[in-house]
Amino acid sequence: MSVRGSSLEAPGGIRAWLTTEAPGSGWQAACGRAYLGWRAFARNPLGMVGLGIVVLLLLCAAFAPWIATADPTAQDLSLRLQPPGAAHWLGTDRMGRDTFSEIIYGSRVTLYIVVLVLVIAAPIGLLVGSSAGYIGGGMDRFLMRITDIFFSFPRLVLALAFVASLGPGLNNAIVAIALTAWPAYARVARAETLAIRRSDFISAVRSQGAGSWRIIFRHIMPLSLPSVIVRATLDMAGVILTAAGLGFLGLGAQPPTPEWGAMISVGRENILDQWWVAAVPGMAIFIVSLGFNLLGDGLRDVLDPKMR
Amino acid sequence: MSKPAAASAREIDASLEDRGGASPLQGARRLLRGGLGLLVSLGLTFFGLLLITFVIGRLMPVDPVLAAVGDRASVATYNQVKEAMGLNLPIWRQFLIYAWNVLHGDFGTSILTARPVLEDIRRVFPATAELATIGIVIGIVFGIPLGVWSAVYRNSLLDHVMRVLGLVGYSVPIFWLGIMGLLVFYLQLQWVGGPGRLDVYLDGEVPTVTGMILVDSLIAGDWEVFDNAFSHVILPATLLGYYSLAYICRMTRSLMLEQLNQEYLITARVKGVSERRVVWRHAFGNIQVPLITVVALAFANILEGSVLTETVFAWPGIGRYITTALLSADMNAVLGGTIVVGLVYIGMNLLSDLLYRIVDPRAR
């Protein structure tokens with residue numbers, strides 16, 4: 001109870017306002033919590049590296065037209081399979097497309113996949129897990145049985161089967177990956193829900209007459225969200241790798257969309273003499289997956305209440 | 001991939017805690033109930049497997065009847081074929097027929113090979129089994145000791161190296177690593193054999209007994225074939241082994257760390273037990289049971305990884321069978337392959353569950 005009174009007047013200004021032990025409003029408390037979380041996260045160098053990589057990916061995707069040196073779909077057969085050099089920083093592929101520009105534009109595809117999978121799978125997982133955990137009983141057994149069944153499939157094979165039936169294409173690949181991603185989030189959300197459903201504040205809300213769905217949506221799901229986000233971040237590397245695998249097999253994004261997995265498959269044809277055509281997109285996938293893995297590890301250390 | 005396993009190992013541990021001290025009769029009853037529960041859950045999982053593959057089969061935007069008769073067929077022919085394919089029946093009847101067929105090993109006929117899918121799978125499965133077995137052996141032989149040492153010498157150089165190797169393993173696309181491996185070790189250095197299971201001139205040299213060429217060549221006593229097959233299998237198997245090594249090592253490390261903090265180890269040390277015995281006999285002895293689950297999961301992951309690896313290495317296994325079928329929209333083959341892989345998955349879970357019950361007296 002050292003910091004008291006109006007914190008804005010205290011020395012240190014904004015930092016003191018953020019770290020005060022007696023926040024004046026819920027908003028201030030939320031900002032303060034975010035700030036402390038950020039400070040804990042910033043102490044983890046590997047997590048910061050991961051964050052840096054992900055930010056770089058975001059920047060590449062946002063400013064692709066300004067960063068890229070050429071149109072990623074422009075073909076020039078007179079300049080095919082050029083080695084890396086001044087004109088083409090990372091060389092060209094067998095259609096004479098500029099690899100550097102393809103990689104830069106490919107970051108948009110990767111981001112598109114990651115965001116859409118998250119937007120589809122996380123709410124499903126959150127809803128299924130929270131409902132199963134809060135309502136319990138038969139509902140719990142039923143929902144968790146479905147989750148288990150999805151878990152008893154190898155993820156890539158299930159995604160392959162879905163794409164086989166839906167047809168190749170980027171959006172179908174995304175749907176297929178999302179369909180295989182939600183069970184993991186459901187398990188996490190359920191575990192979180194089980195931990196908080198007996199809390200006093202839940203009883204308090206219930207005694208005020210709140211219904212099950214109100215409690216689940218307004219009180220359980222917001223609290224389960226951090227764990228699901230961490231789980232999802234850790235999962236993003238897996239999503240990227242699965243998407244790249246589908247692209248490699250020719251089932252994901254179709255040419256001329258510059259997708260990194262598909263680029264590897266193109267470069268594979270000329271692996272002996274022009275190895276960089278396949279090597280570069282692989283490195284891009286590796287770096288971005290690594291970034292998400294590092295970021296996820298760092299986030300888990302900060303957000304996971306059990307680690308605190 | 002490691003998260004559910006970590007959770008499950010811990011969950012199992014937690015659920016074991018309240019099982020101590022039961023009378024033999026109670027124990028037997030519990031075992032029976034556990035066995036029944038296992039059967040029920042197995043049946044439900046299998047039912048789910050059938051349901052999902054059935055739904056996937058029906059999702060197809062292409063009209064299967066039209067695909068079979070062609071778009072110039074008359075309405076009468078169309079209806080006749082539709083009836084013959086059972087597609088005019090209510091959907092639940094169709095599902096029952098599908099389930100009945102699958103239960104009898106009838107996955108339909110592959111469009112691509114014009115043979116029953118089951119026959120195809122029986123032919124390609126040994127290749128995958130060979131690859132996956134060598135992979136998991138590499139993963140176990142290196143992963144477990146490295147994991148134990150990483151835990152004992154925590155934060156040492158070895159621990160850091162293993163952590164980096166693990167991170168790389170979780171982040172690098174396996175098919176890309178395969179391509180690069182082929183480039184370096186086959187095309188450039190020529191240390192290993194190329195894609196495929198054998199050099200072409202040795203194809204069909206030894207009679208097929210098990211379908212695993214390494215075993216078959218040993219049976220035939222043909223060392224040339226064995227050597228050649230080994231040079232072909234070693235790179236993809238090492239690759240798969242690396243992925244399971246990273247996973248097994250990480251799990252072994254965290255399981256060991258839990259044990260190394262326990263007080264019974266202090267007791268053992270105070271009694272004068274050598275450090276080596278403390279680590280390998282006392283601490284490691286206690287993690288063997290959860291390690292079974294870890295290894296089973298690692299094996300299942302290898303099966304998944306083999307889909308892409310087989311494609312890169314032209315390895316004629318079930319993964320390549322599925323992907324080849326995929327590209328020609330051969331749904332029977334895709335679904336048959338998916339069911340078989342799913343069954344192996346379920347089987348691995350069941351096996352680890354059973355071994356668990358046998359090895360750990362508390363679980364009986």
# chains A, B, ... in the order shown; residues from 1 in each chain; ligands from 1

call {"tool": "residues_around", "arguments": {"residues": "region 233-241 of chain B", "least_positions_apart": "3", "cutoff": "8 Å", "atoms": "only C-alpha atoms", "output": "PyMOL selection string"}}
result
chain B and resi 131-132+134-139+174+177-178+181-182+192-193+197+229-230+244-245+302+305-306+309-310+313

call {"tool": "interface_residues", "arguments": {"of": "chain A", "to": "chain B", "cutoff": "7 Å", "atoms": "only C-alpha atoms", "output": "list in words"}}
result
Ile149, Ser152, Phe153, Pro154, Leu156, Val157, Ala161, Phe162, Ala164, Ser165, Leu166, Ala237, Leu241, Ile271, Leu272, Gly282, Phe286, Ser289 and Leu290 of chain A

call {"tool": "atom_distance", "arguments": {"atom1": "CA of Leu202 (chain B)", "atom2": "CA of Val225 (chain B)"}}
result
6.7 Å

call {"tool": "atom_distance", "arguments": {"atom1": "CA of Leu351 (chain B)", "atom2": "CA of Ala99 (chain B)"}}
result
23.9 Å

call {"tool": "residues_around", "arguments": {"residues": "Val239 (chain A)", "least_positions_apart": "6", "cutoff": "12 Å", "atoms": "only C-alpha atoms", "output": "PyMOL selection string"}}
result
(chain A and resi 110-118+121+155-156+159+173-182+231-233+245-246+285+288-289+292-293) or (chain B and resi 1+170-171+173)

call {"tool": "select_by_dssp", "arguments": {"residues": "region 53-277 of chain A", "states": "helix (DSSP H, G or I)", "output": "PyMOL selection string"}}
result
chain A and resi 53-62+64-67+77-79+99-135+137-151+155-166+170-196+200-207+212-248+260-270+276-277

call {"tool": "closest_residue", "arguments": {"among": "B:Gln190, B:Leu50, B:Val279, B:Ser156", "to": "Phe107 (chain B)", "atoms": "only C-alpha atoms"}}
result
B:Leu50

call {"tool": "atom_distance", "arguments": {"atom1": "CA of Phe100 (chain A)", "atom2": "CA of Ala64 (chain A)"}}
result
10.7 Å

call {"tool": "residues_around", "arguments": {"residues": "Asn79 (chain B)", "least_positions_apart": "3", "cutoff": "12 Å", "atoms": "only C-alpha atoms", "output": "list in words"}}
result
Val65, Leu66, Ala68, Val69, Ala73, Ser74, Val75, Ala76, Lys82, Glu83, Ala84, Met85, Gly86, Leu87 and Asn88 of chain B

call {"tool": "closest_residue", "arguments": {"among": "B:Leu112, B:Leu103, B:Val340, B:Leu291", "to": "Met251 (chain B)", "atoms": "only C-alpha atoms"}}
result
B:Leu291

call {"tool": "closest_residue", "arguments": {"among": "B:Asn155, B:Asn261, B:Thr252, B:Asn101", "to": "Ile140 (chain B)", "atoms": "only C-alpha atoms"}}
result
B:Thr252
